[in-house]
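File shown here: upload.cif, holding mmCIF, C-alpha atoms and all ligand atoms.
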data_start
#
loop_
_atom_site.group_PDB
_atom_site.id
_atom_site.type_symbol
_atom_site.label_atom_id
_atom_site.label_comp_id
_atom_site.auth_asym_id
_atom_site.auth_seq_id
_atom_site.Cartn_x
_atom_site.Cartn_y
_atom_site.Cartn_z
ATOM 1 C CA MET A 1 15.524 8.239 -6.202
ATOM 2 C CA ARG A 2 12.283 7.042 -4.720
ATOM 3 C CA LYS A 3 9.215 6.811 -6.905
ATOM 4 C CA ASN A 4 5.964 8.668 -6.538
ATOM 5 C CA ILE A 5 3.124 6.159 -6.639
ATOM 6 C CA VAL A 6 -0.659 6.258 -6.624
ATOM 7 C CA ALA A 7 -2.096 2.803 -5.921
ATOM 8 C CA GLY A 8 -5.753 1.837 -5.768
ATOM 9 C CA ASN A 9 -6.976 -0.718 -3.252
ATOM 10 C CA TRP A 10 -10.327 -1.912 -4.521
ATOM 11 C CA LYS A 11 -10.930 -4.002 -1.354
ATOM 12 C CA MET A 12 -13.959 -6.318 -1.730
ATOM 13 C CA ASN A 13 -15.674 -4.317 -4.456
ATOM 14 C CA THR A 14 -16.724 -4.912 -8.067
ATOM 15 C CA THR A 15 -17.609 -8.101 -9.916
ATOM 16 C CA VAL A 16 -15.089 -9.345 -12.499
ATOM 17 C CA PRO A 17 -16.797 -7.567 -15.459
ATOM 18 C CA GLU A 18 -17.136 -4.354 -13.436
ATOM 19 C CA GLY A 19 -13.499 -4.561 -12.380
ATOM 20 C CA VAL A 20 -12.254 -5.203 -15.911
ATOM 21 C CA ALA A 21 -14.271 -2.218 -17.160
ATOM 22 C CA LEU A 22 -12.844 0.029 -14.423
ATOM 23 C CA ALA A 23 -9.259 -1.113 -15.067
ATOM 24 C CA LYS A 24 -9.678 -0.537 -18.814
ATOM 25 C CA GLU A 25 -11.063 2.944 -18.184
ATOM 26 C CA VAL A 26 -8.094 3.828 -15.961
ATOM 27 C CA ASN A 27 -5.683 2.328 -18.503
ATOM 28 C CA GLU A 28 -7.202 4.399 -21.326
ATOM 29 C CA ALA A 29 -7.157 7.578 -19.229
ATOM 30 C CA LEU A 30 -3.459 7.029 -18.471
ATOM 31 C CA LYS A 31 -2.690 6.475 -22.150
ATOM 32 C CA ALA A 32 -4.484 9.706 -23.050
ATOM 33 C CA GLU A 33 -2.687 11.717 -20.378
ATOM 34 C CA LYS A 34 0.658 10.443 -19.135
ATOM 35 C CA ALA A 35 0.926 10.368 -15.342
ATOM 36 C CA ASN A 36 3.793 11.991 -13.426
ATOM 37 C CA CYS A 37 3.902 9.002 -11.075
ATOM 38 C CA ASP A 38 3.599 5.210 -11.155
ATOM 39 C CA VAL A 39 -0.025 4.068 -11.079
ATOM 40 C CA ILE A 40 -1.108 0.682 -9.718
ATOM 41 C CA VAL A 41 -4.440 -1.031 -9.125
ATOM 42 C CA CYS A 42 -4.676 -3.729 -6.430
ATOM 43 C CA VAL A 43 -7.674 -5.922 -7.130
ATOM 44 C CA PRO A 44 -9.432 -9.007 -5.705
ATOM 45 C CA PHE A 45 -7.794 -12.373 -6.505
ATOM 46 C CA THR A 46 -10.681 -13.333 -8.799
ATOM 47 C CA HIS A 47 -9.961 -10.308 -10.986
ATOM 48 C CA LEU A 48 -6.197 -10.614 -11.431
ATOM 49 C CA CYS A 49 -6.005 -12.660 -14.648
ATOM 50 C CA SER A 50 -8.770 -10.770 -16.444
ATOM 51 C CA VAL A 51 -7.455 -7.365 -15.409
ATOM 52 C CA ALA A 52 -3.897 -8.364 -16.382
ATOM 53 C CA ALA A 53 -5.173 -9.238 -19.868
ATOM 54 C CA ALA A 54 -7.141 -5.984 -20.147
ATOM 55 C CA ILE A 55 -4.430 -3.457 -19.227
ATOM 56 C CA ASP A 56 -1.096 -2.379 -20.617
ATOM 57 C CA SER A 57 1.450 -3.238 -17.911
ATOM 58 C CA SER A 58 3.771 -0.432 -19.027
ATOM 59 C CA VAL A 59 1.000 2.068 -18.241
ATOM 60 C CA LEU A 60 -0.759 0.585 -15.232
ATOM 61 C CA GLY A 61 0.723 -1.752 -12.612
ATOM 62 C CA LEU A 62 -1.260 -4.601 -11.111
ATOM 63 C CA GLY A 63 -1.296 -5.954 -7.568
ATOM 64 C CA ALA A 64 -3.191 -8.291 -5.248
ATOM 65 C CA GLU A 65 -4.636 -7.269 -1.892
ATOM 66 C CA ASN A 66 -3.129 -10.126 0.120
ATOM 67 C CA CYS A 67 -1.341 -13.460 -0.233
ATOM 68 C CA ALA A 68 -1.001 -16.565 1.902
ATOM 69 C CA ASP A 69 1.693 -17.150 4.503
ATOM 70 C CA HIS A 70 2.493 -20.547 2.939
ATOM 71 C CA LYS A 71 3.883 -21.403 -0.467
ATOM 72 C CA SER A 72 1.472 -24.240 -1.354
ATOM 73 C CA GLY A 73 -0.375 -27.186 0.153
ATOM 74 C CA ALA A 74 -3.469 -27.994 2.200
ATOM 75 C CA TYR A 75 -4.668 -24.462 2.973
ATOM 76 C CA THR A 76 -8.191 -24.466 1.561
ATOM 77 C CA GLY A 77 -9.289 -21.090 0.264
ATOM 78 C CA GLU A 78 -5.886 -19.437 0.404
ATOM 79 C CA VAL A 79 -4.038 -17.861 -2.542
ATOM 80 C CA SER A 80 -0.253 -18.094 -2.567
ATOM 81 C CA ALA A 81 2.386 -15.594 -3.660
ATOM 82 C CA PRO A 82 3.453 -17.817 -6.611
ATOM 83 C CA MET A 83 -0.195 -17.937 -7.737
ATOM 84 C CA VAL A 84 -0.454 -14.148 -7.563
ATOM 85 C CA ALA A 85 2.831 -13.719 -9.448
ATOM 86 C CA SER A 86 1.691 -16.161 -12.145
ATOM 87 C CA THR A 87 -1.186 -13.830 -13.069
ATOM 88 C CA GLY A 88 1.245 -11.079 -14.068
ATOM 89 C CA ALA A 89 0.727 -9.040 -10.894
ATOM 90 C CA LYS A 90 3.856 -7.289 -9.640
ATOM 91 C CA TYR A 91 2.633 -5.964 -6.286
ATOM 92 C CA VAL A 92 0.820 -7.238 -3.229
ATOM 93 C CA ILE A 93 -0.709 -5.256 -0.368
ATOM 94 C CA LEU A 94 0.309 -6.844 2.939
ATOM 95 C CA GLY A 95 -0.725 -6.023 6.489
ATOM 96 C CA HIS A 96 -3.660 -3.801 5.623
ATOM 97 C CA SER A 97 -5.385 -2.735 8.846
ATOM 98 C CA GLU A 98 -8.542 -4.567 7.757
ATOM 99 C CA ARG A 99 -6.505 -7.801 7.529
ATOM 100 C CA ARG A 100 -4.898 -7.102 10.901
ATOM 101 C CA GLN A 101 -8.235 -6.194 12.567
ATOM 102 C CA TYR A 102 -10.711 -8.643 11.028
ATOM 103 C CA TYR A 103 -8.474 -11.585 10.111
ATOM 104 C CA GLY A 104 -6.022 -11.523 12.989
ATOM 105 C CA GLU A 105 -2.879 -10.946 10.962
ATOM 106 C CA THR A 106 0.165 -10.566 13.164
ATOM 107 C CA SER A 107 3.704 -9.395 12.516
ATOM 108 C CA GLU A 108 4.741 -13.059 12.589
ATOM 109 C CA THR A 109 2.422 -14.087 9.722
ATOM 110 C CA LEU A 110 3.292 -10.895 7.884
ATOM 111 C CA ARG A 111 7.008 -11.730 7.956
ATOM 112 C CA GLU A 112 6.167 -15.026 6.208
ATOM 113 C CA LYS A 113 3.998 -13.256 3.642
ATOM 114 C CA VAL A 114 6.642 -10.621 2.934
ATOM 115 C CA ALA A 115 9.317 -13.298 2.455
ATOM 116 C CA LEU A 116 7.125 -15.298 0.056
ATOM 117 C CA ALA A 117 6.124 -12.185 -1.888
ATOM 118 C CA LEU A 118 9.770 -11.193 -2.345
ATOM 119 C CA GLU A 119 10.819 -14.742 -3.289
ATOM 120 C CA ASN A 120 8.223 -14.611 -6.046
ATOM 121 C CA GLY A 121 9.227 -11.235 -7.405
ATOM 122 C CA LEU A 122 6.304 -9.295 -5.927
ATOM 123 C CA SER A 123 6.842 -5.880 -4.339
ATOM 124 C CA PRO A 124 4.959 -5.706 -1.045
ATOM 125 C CA ILE A 125 2.938 -2.580 -0.318
ATOM 126 C CA PHE A 126 3.268 -2.935 3.444
ATOM 127 C CA CYS A 127 0.633 -1.111 5.503
ATOM 128 C CA ILE A 128 1.114 0.381 8.942
ATOM 129 C CA GLY A 129 -0.936 2.761 11.038
ATOM 130 C CA GLU A 130 -2.413 3.477 14.437
ATOM 131 C CA VAL A 131 -6.013 3.302 15.634
ATOM 132 C CA LEU A 132 -7.859 6.366 16.977
ATOM 133 C CA GLU A 133 -7.137 5.549 20.623
ATOM 134 C CA GLU A 134 -3.405 5.412 19.882
ATOM 135 C CA ARG A 135 -3.576 8.737 18.016
ATOM 136 C CA GLU A 136 -5.367 10.284 20.984
ATOM 137 C CA ASN A 137 -3.162 8.824 23.730
ATOM 138 C CA GLY A 138 -0.001 9.855 21.898
ATOM 139 C CA THR A 139 1.481 6.373 21.347
ATOM 140 C CA PHE A 140 1.091 6.486 17.538
ATOM 141 C CA ASN A 141 4.789 6.841 16.709
ATOM 142 C CA ASP A 142 5.698 3.845 18.900
ATOM 143 C CA VAL A 143 2.868 1.758 17.435
ATOM 144 C CA VAL A 144 3.941 2.414 13.859
ATOM 145 C CA LYS A 145 7.626 1.868 14.664
ATOM 146 C CA THR A 146 6.808 -1.497 16.262
ATOM 147 C CA GLN A 147 4.813 -2.565 13.181
ATOM 148 C CA ILE A 148 7.795 -1.729 10.954
ATOM 149 C CA VAL A 149 10.431 -3.281 13.223
ATOM 150 C CA GLU A 150 8.457 -6.504 13.788
ATOM 151 C CA GLY A 151 7.169 -6.883 10.249
ATOM 152 C CA LEU A 152 10.149 -5.847 8.138
ATOM 153 C CA PHE A 153 13.417 -5.370 10.000
ATOM 154 C CA ASN A 154 14.392 -9.027 9.595
ATOM 155 C CA LEU A 155 15.035 -8.171 5.908
ATOM 156 C CA ASN A 156 18.465 -7.351 4.540
ATOM 157 C CA ALA A 157 18.910 -3.910 2.969
ATOM 158 C CA GLU A 158 18.530 -5.242 -0.585
ATOM 159 C CA ASP A 159 15.172 -6.844 0.153
ATOM 160 C CA PHE A 160 13.988 -3.899 2.235
ATOM 161 C CA GLY A 161 14.660 -1.780 -0.850
ATOM 162 C CA LYS A 162 11.825 -3.618 -2.626
ATOM 163 C CA ILE A 163 9.231 -2.621 -0.029
ATOM 164 C CA ILE A 164 6.711 0.169 -0.565
ATOM 165 C CA LEU A 165 5.326 1.464 2.731
ATOM 166 C CA ALA A 166 1.804 2.775 3.179
ATOM 167 C CA TYR A 167 0.980 4.787 6.295
ATOM 168 C CA GLU A 168 -2.738 4.425 6.842
ATOM 169 C CA PRO A 169 -4.056 5.837 10.109
ATOM 170 C CA VAL A 170 -6.976 3.506 10.845
ATOM 171 C CA TRP A 171 -9.145 6.400 12.026
ATOM 172 C CA ALA A 172 -8.863 7.947 8.562
ATOM 173 C CA ILE A 173 -9.792 4.855 6.535
ATOM 174 C CA GLY A 174 -13.226 5.079 4.966
ATOM 175 C CA THR A 175 -14.280 7.716 7.506
ATOM 176 C CA GLY A 176 -13.933 10.835 5.377
ATOM 177 C CA LYS A 177 -11.600 12.116 8.112
ATOM 178 C CA THR A 178 -8.213 12.576 6.436
ATOM 179 C CA ALA A 179 -5.054 13.111 8.421
ATOM 180 C CA THR A 180 -3.910 16.673 7.897
ATOM 181 C CA ALA A 181 -0.995 17.096 5.528
ATOM 182 C CA GLU A 182 1.099 18.073 8.585
ATOM 183 C CA GLN A 183 0.117 14.918 10.511
ATOM 184 C CA ALA A 184 0.976 12.796 7.472
ATOM 185 C CA GLU A 185 4.291 14.591 6.905
ATOM 186 C CA ASP A 186 5.288 14.273 10.582
ATOM 187 C CA MET A 187 4.623 10.536 10.551
ATOM 188 C CA HIS A 188 6.286 9.949 7.178
ATOM 189 C CA ALA A 189 9.399 11.845 8.312
ATOM 190 C CA PHE A 190 9.413 9.770 11.504
ATOM 191 C CA ILE A 191 9.114 6.541 9.482
ATOM 192 C CA ARG A 192 11.955 7.574 7.182
ATOM 193 C CA ASN A 193 14.099 8.246 10.239
ATOM 194 C CA VAL A 194 13.293 4.806 11.673
ATOM 195 C CA ILE A 195 14.389 3.265 8.355
ATOM 196 C CA ALA A 196 17.565 5.393 8.262
ATOM 197 C CA GLU A 197 18.557 4.247 11.769
ATOM 198 C CA LYS A 198 18.377 0.629 10.640
ATOM 199 C CA TYR A 199 19.465 0.687 6.971
ATOM 200 C CA GLY A 200 21.143 4.089 6.507
ATOM 201 C CA ASN A 201 20.134 7.294 4.748
ATOM 202 C CA GLU A 202 20.371 5.995 1.196
ATOM 203 C CA VAL A 203 17.880 3.161 1.730
ATOM 204 C CA ALA A 204 15.600 5.508 3.689
ATOM 205 C CA ASP A 205 15.723 8.159 0.955
ATOM 206 C CA ASN A 206 14.885 5.575 -1.689
ATOM 207 C CA THR A 207 11.836 4.138 0.123
ATOM 208 C CA SER A 208 8.452 5.256 -1.189
ATOM 209 C CA ILE A 209 6.074 6.007 1.683
ATOM 210 C CA LEU A 210 2.431 6.367 0.611
ATOM 211 C CA TYR A 211 -0.388 7.910 2.612
ATOM 212 C CA GLY A 212 -3.777 6.190 2.811
ATOM 213 C CA GLY A 213 -7.056 7.153 4.464
ATOM 214 C CA SER A 214 -9.822 9.220 2.857
ATOM 215 C CA CYS A 215 -7.451 10.543 0.208
ATOM 216 C CA LYS A 216 -9.449 12.165 -2.594
ATOM 217 C CA PRO A 217 -8.935 14.582 -5.496
ATOM 218 C CA SER A 218 -9.662 17.562 -3.228
ATOM 219 C CA ASN A 219 -6.923 16.803 -0.658
ATOM 220 C CA ALA A 220 -4.345 14.776 -2.639
ATOM 221 C CA ALA A 221 -2.305 17.751 -3.918
ATOM 222 C CA GLU A 222 -1.786 19.148 -0.416
ATOM 223 C CA LEU A 223 -0.741 15.737 0.927
ATOM 224 C CA PHE A 224 1.549 14.917 -2.008
ATOM 225 C CA ALA A 225 3.232 18.331 -1.798
ATOM 226 C CA LYS A 226 4.823 17.286 1.489
ATOM 227 C CA PRO A 227 8.440 16.201 1.031
ATOM 228 C CA ASN A 228 8.056 12.808 2.711
ATOM 229 C CA VAL A 229 4.678 11.873 1.208
ATOM 230 C CA ASP A 230 5.446 9.905 -1.956
ATOM 231 C CA GLY A 231 1.907 9.184 -3.064
ATOM 232 C CA GLY A 232 -1.252 7.487 -1.898
ATOM 233 C CA LEU A 233 -2.964 4.171 -1.298
ATOM 234 C CA ILE A 234 -6.535 4.886 -2.295
ATOM 235 C CA GLY A 235 -9.663 2.999 -1.231
ATOM 236 C CA GLY A 236 -13.082 4.448 -2.023
ATOM 237 C CA ALA A 237 -11.848 7.023 -4.521
ATOM 238 C CA ALA A 238 -10.116 4.281 -6.555
ATOM 239 C CA LEU A 239 -13.499 2.828 -7.521
ATOM 240 C CA LYS A 240 -14.374 5.718 -9.847
ATOM 241 C CA CYS A 241 -12.002 6.391 -12.720
ATOM 242 C CA ALA A 242 -12.525 10.171 -12.593
ATOM 243 C CA ASP A 243 -11.769 10.352 -8.855
ATOM 244 C CA PHE A 244 -8.760 8.057 -9.126
ATOM 245 C CA MET A 245 -7.376 10.049 -12.057
ATOM 246 C CA GLY A 246 -8.031 13.262 -10.129
ATOM 247 C CA ILE A 247 -5.675 11.933 -7.439
ATOM 248 C CA VAL A 248 -3.096 10.765 -10.024
ATOM 249 C CA LYS A 249 -3.115 14.266 -11.499
ATOM 250 C CA ALA A 250 -2.261 15.748 -8.101
ATOM 251 C CA PHE A 251 1.355 14.944 -9.084
HETATM 252 P P1 LIG B 301 -10.235 4.977 1.870
HETATM 253 O O1 LIG B 301 -9.478 5.730 0.805
HETATM 254 O O2 LIG B 301 -11.548 4.460 1.403
HETATM 255 O O3 LIG B 301 -10.279 5.725 3.153
HETATM 256 O O4 LIG B 301 -9.355 3.649 2.159
HETATM 257 C C1 LIG B 301 -8.003 3.758 2.369
HETATM 258 C C2 LIG B 301 -7.418 2.398 2.384
HETATM 259 O O5 LIG B 301 -7.670 1.605 3.278
HETATM 260 C C3 LIG B 301 -6.543 2.016 1.263
HETATM 261 O O6 LIG B 301 -5.878 0.824 1.527
#

Go ahead and render the structure in this file as structure tokens.
Amino acid sequence: MRKNIVAGNWKMNTTVPEGVALAKEVNEALKAEKANCDVIVCVPFTHLCSVAAAIDSSVLGLGAENCADHKSGAYTGEVSAPMVASTGAKYVILGHSERRQYYGETSETLREKVALALENGLSPIFCIGEVLEERENGTFNDVVKTQIVEGLFNLNAEDFGKIILAYEPVWAIGTGKTATAEQAEDMHAFIRNVIAEKYGNEVADNTSILYGGSCKPSNAAELFAKPNVDGGLIGGAALKCADFMGIVKAF
């Protein structure tokens, strides 16, 4: 059965001491009150080692927000999948819309990143989602399907089984404008159908599909109650322990 997951994406926020303090606070809160879902924090590269040392990996999972599309070598400033894995992280966000929009990530580079993440034992949290114009002109299903087909459908079924998907409509990210629970459910059901057509019902049923975009304690329960919404990828609300835990408790 697929897992329910709440994952934080801290983006480019917090210094190392601030991040360690936040991770510890979340870790303690989860020890005090056991979650009914897997909980993960995805943190800046600089934070990975310190956060790994500060948390209990059986309580709180750790991920990076990106990794390089090469294994090693002369790529100044890049951080490879083996480097991320060597910190103790088990997850890596790939293809976030901010990476696609501001850093020109394409399906081609993402295929390399996914392959390297998997080779190094990292589970990719692979992000997909349409921009506002595509929502409004009705092409959103096609856009999301293309992102999945181009980015992931080169994988065999076993490797695809290690992918966590995150549907993040770009118009809902950081805007306070959440997709309605019905919009999220419709898209998640569509995504699961796209997966079933390629890999069969069992793989599709076992794939966790998270929703991301202005998810907060006040709307998480309604979103997570939908049958095809298996949790959330949380930006702003992951930066305050109480808000993040409020979302975790929606399960
Ligand atoms: P917000 O929750 O801040 O809208 O961000 C969502 C997101 O981009 C998570 O990856």

Using the chain letters and numbering of this document, enumerate as a PyMOL selection string the residues selected by the PyMOL selection byres (((chain A and resi 233-248) around 9) and not hetatm).
chain A and resi 5-11+13-14+19+22-23+25-26+29-30+35-39+41+166-168+173-174+210-221+231-232+249-251

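Interatomic distance, atom CA of A:Val92 against atom CA of A:Ser123: 6.3 Å.
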
Once the PyMOL selection byres (((chain A and resi 149) around 12) and not hetatm) is applied to the coordinates I shared, what remains selected? I want it as a PyMOL selection string.
chain A and resi 107-108+110-111+128+142-148+150-155+160+191+194-195+197-199

For this file, the PyMOL selection byres (((chain A and resi 69-86) around 10) and not hetatm) selects which residues, as a VMD selection string?
chain A and resid 45 48 to 49 63 to 68 87 to 92 108 to 122

Output the selection as an mmCIF file, keeping the file's coordinate frame - C-alpha atoms for each residue.
data_model
loop_
_atom_site.group_PDB
_atom_site.id
_atom_site.type_symbol
_atom_site.label_atom_id
_atom_site.label_comp_id
_atom_site.auth_asym_id
_atom_site.auth_seq_id
_atom_site.Cartn_x
_atom_site.Cartn_y
_atom_site.Cartn_z
ATOM 1 C CA PHE A 45 -7.794 -12.373 -6.505
ATOM 2 C CA LEU A 48 -6.197 -10.614 -11.431
ATOM 3 C CA CYS A 49 -6.005 -12.660 -14.648
ATOM 4 C CA GLY A 63 -1.296 -5.954 -7.568
ATOM 5 C CA ALA A 64 -3.191 -8.291 -5.248
ATOM 6 C CA GLU A 65 -4.636 -7.269 -1.892
ATOM 7 C CA ASN A 66 -3.129 -10.126 0.120
ATOM 8 C CA CYS A 67 -1.341 -13.460 -0.233
ATOM 9 C CA ALA A 68 -1.001 -16.565 1.902
ATOM 10 C CA THR A 87 -1.186 -13.830 -13.069
ATOM 11 C CA GLY A 88 1.245 -11.079 -14.068
ATOM 12 C CA ALA A 89 0.727 -9.040 -10.894
ATOM 13 C CA LYS A 90 3.856 -7.289 -9.640
ATOM 14 C CA TYR A 91 2.633 -5.964 -6.286
ATOM 15 C CA VAL A 92 0.820 -7.238 -3.229
ATOM 16 C CA GLU A 108 4.741 -13.059 12.589
ATOM 17 C CA THR A 109 2.422 -14.087 9.722
ATOM 18 C CA LEU A 110 3.292 -10.895 7.884
ATOM 19 C CA ARG A 111 7.008 -11.730 7.956
ATOM 20 C CA GLU A 112 6.167 -15.026 6.208
ATOM 21 C CA LYS A 113 3.998 -13.256 3.642
ATOM 22 C CA VAL A 114 6.642 -10.621 2.934
ATOM 23 C CA ALA A 115 9.317 -13.298 2.455
ATOM 24 C CA LEU A 116 7.125 -15.298 0.056
ATOM 25 C CA ALA A 117 6.124 -12.185 -1.888
ATOM 26 C CA LEU A 118 9.770 -11.193 -2.345
ATOM 27 C CA GLU A 119 10.819 -14.742 -3.289
ATOM 28 C CA ASN A 120 8.223 -14.611 -6.046
ATOM 29 C CA GLY A 121 9.227 -11.235 -7.405
ATOM 30 C CA LEU A 122 6.304 -9.295 -5.927
#

Restricting the calculation to only C-alpha atoms and all ligand atoms, which member of A:Ala181, A:Ile209, A:Leu165, A:Ile93 is positioned closest to ligand LIG 301 (chain B)?
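Of the candidates, the smallest distance to ligand LIG 301 (chain B) is held by A:Ile93.
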
Report the centre and edge lengths, in Å to one decimal, of an axis-aligned box enclosing every atom of stretch 11-15 of chain A listed in the file, padded by 5 Å on each side, as JSON.
{"center_x": -14.3, "center_y": -6.1, "center_z": -5.6, "size_x": 16.7, "size_y": 14.1, "size_z": 18.6}

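Take the candidates A:Val59, A:Leu94, A:Ala172, A:Met1 and check each one against ligand LIG 301 (chain B) using only C-alpha atoms and all ligand atoms; the shortest distance goes to A:Ala172.
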
For each of A:Asn156, A:Gln101, A:Ser57, A:Thr175, take the minimum atom-to-atom distance to ligand LIG 301 (chain B), counting all atoms listed in the file, then give the residue where this is smallest.
A:Thr175

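You will find atom CA of A:Lys24 at 6.0 Å from atom CA of A:Ile55.
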
Would you mind completing stretch 197-210 of chain A so that it carries N, CA and C atoms, and writing it out as a short mmCIF file (atom, residue, chain, number, x, y, z; two decimals), in the frame of the given file?
data_model
loop_
_atom_site.label_atom_id
_atom_site.label_comp_id
_atom_site.auth_asym_id
_atom_site.auth_seq_id
_atom_site.Cartn_x
_atom_site.Cartn_y
_atom_site.Cartn_z
N GLU A 197 17.82 4.78 10.61
CA GLU A 197 18.56 4.25 11.77
C GLU A 197 18.95 2.80 11.55
N LYS A 198 18.11 2.05 10.85
CA LYS A 198 18.38 0.63 10.64
C LYS A 198 19.22 0.38 9.37
N TYR A 199 18.86 1.03 8.27
CA TYR A 199 19.46 0.69 6.97
C TYR A 199 20.33 1.81 6.37
N GLY A 200 20.35 2.97 7.03
CA GLY A 200 21.14 4.09 6.51
C GLY A 200 20.30 5.04 5.67
N ASN A 201 20.88 6.22 5.43
CA ASN A 201 20.13 7.29 4.75
C ASN A 201 19.76 6.96 3.31
N GLU A 202 20.64 6.25 2.61
CA GLU A 202 20.37 6.00 1.20
C GLU A 202 19.12 5.12 1.03
N VAL A 203 19.06 4.04 1.80
CA VAL A 203 17.88 3.16 1.73
C VAL A 203 16.64 3.95 2.14
N ALA A 204 16.76 4.74 3.21
CA ALA A 204 15.60 5.51 3.69
C ALA A 204 15.12 6.49 2.63
N ASP A 205 16.08 7.17 1.99
CA ASP A 205 15.72 8.16 0.96
C ASP A 205 15.06 7.50 -0.25
N ASN A 206 15.42 6.26 -0.51
CA ASN A 206 14.88 5.58 -1.69
C ASN A 206 13.56 4.86 -1.44
N THR A 207 13.08 4.85 -0.19
CA THR A 207 11.84 4.14 0.12
C THR A 207 10.62 5.02 -0.14
N SER A 208 9.70 4.52 -0.95
CA SER A 208 8.45 5.26 -1.19
C SER A 208 7.51 5.02 -0.01
N ILE A 209 7.02 6.10 0.57
CA ILE A 209 6.07 6.01 1.68
C ILE A 209 4.77 6.68 1.25
N LEU A 210 3.72 5.87 1.09
CA LEU A 210 2.43 6.37 0.61
C LEU A 210 1.55 6.69 1.80
#
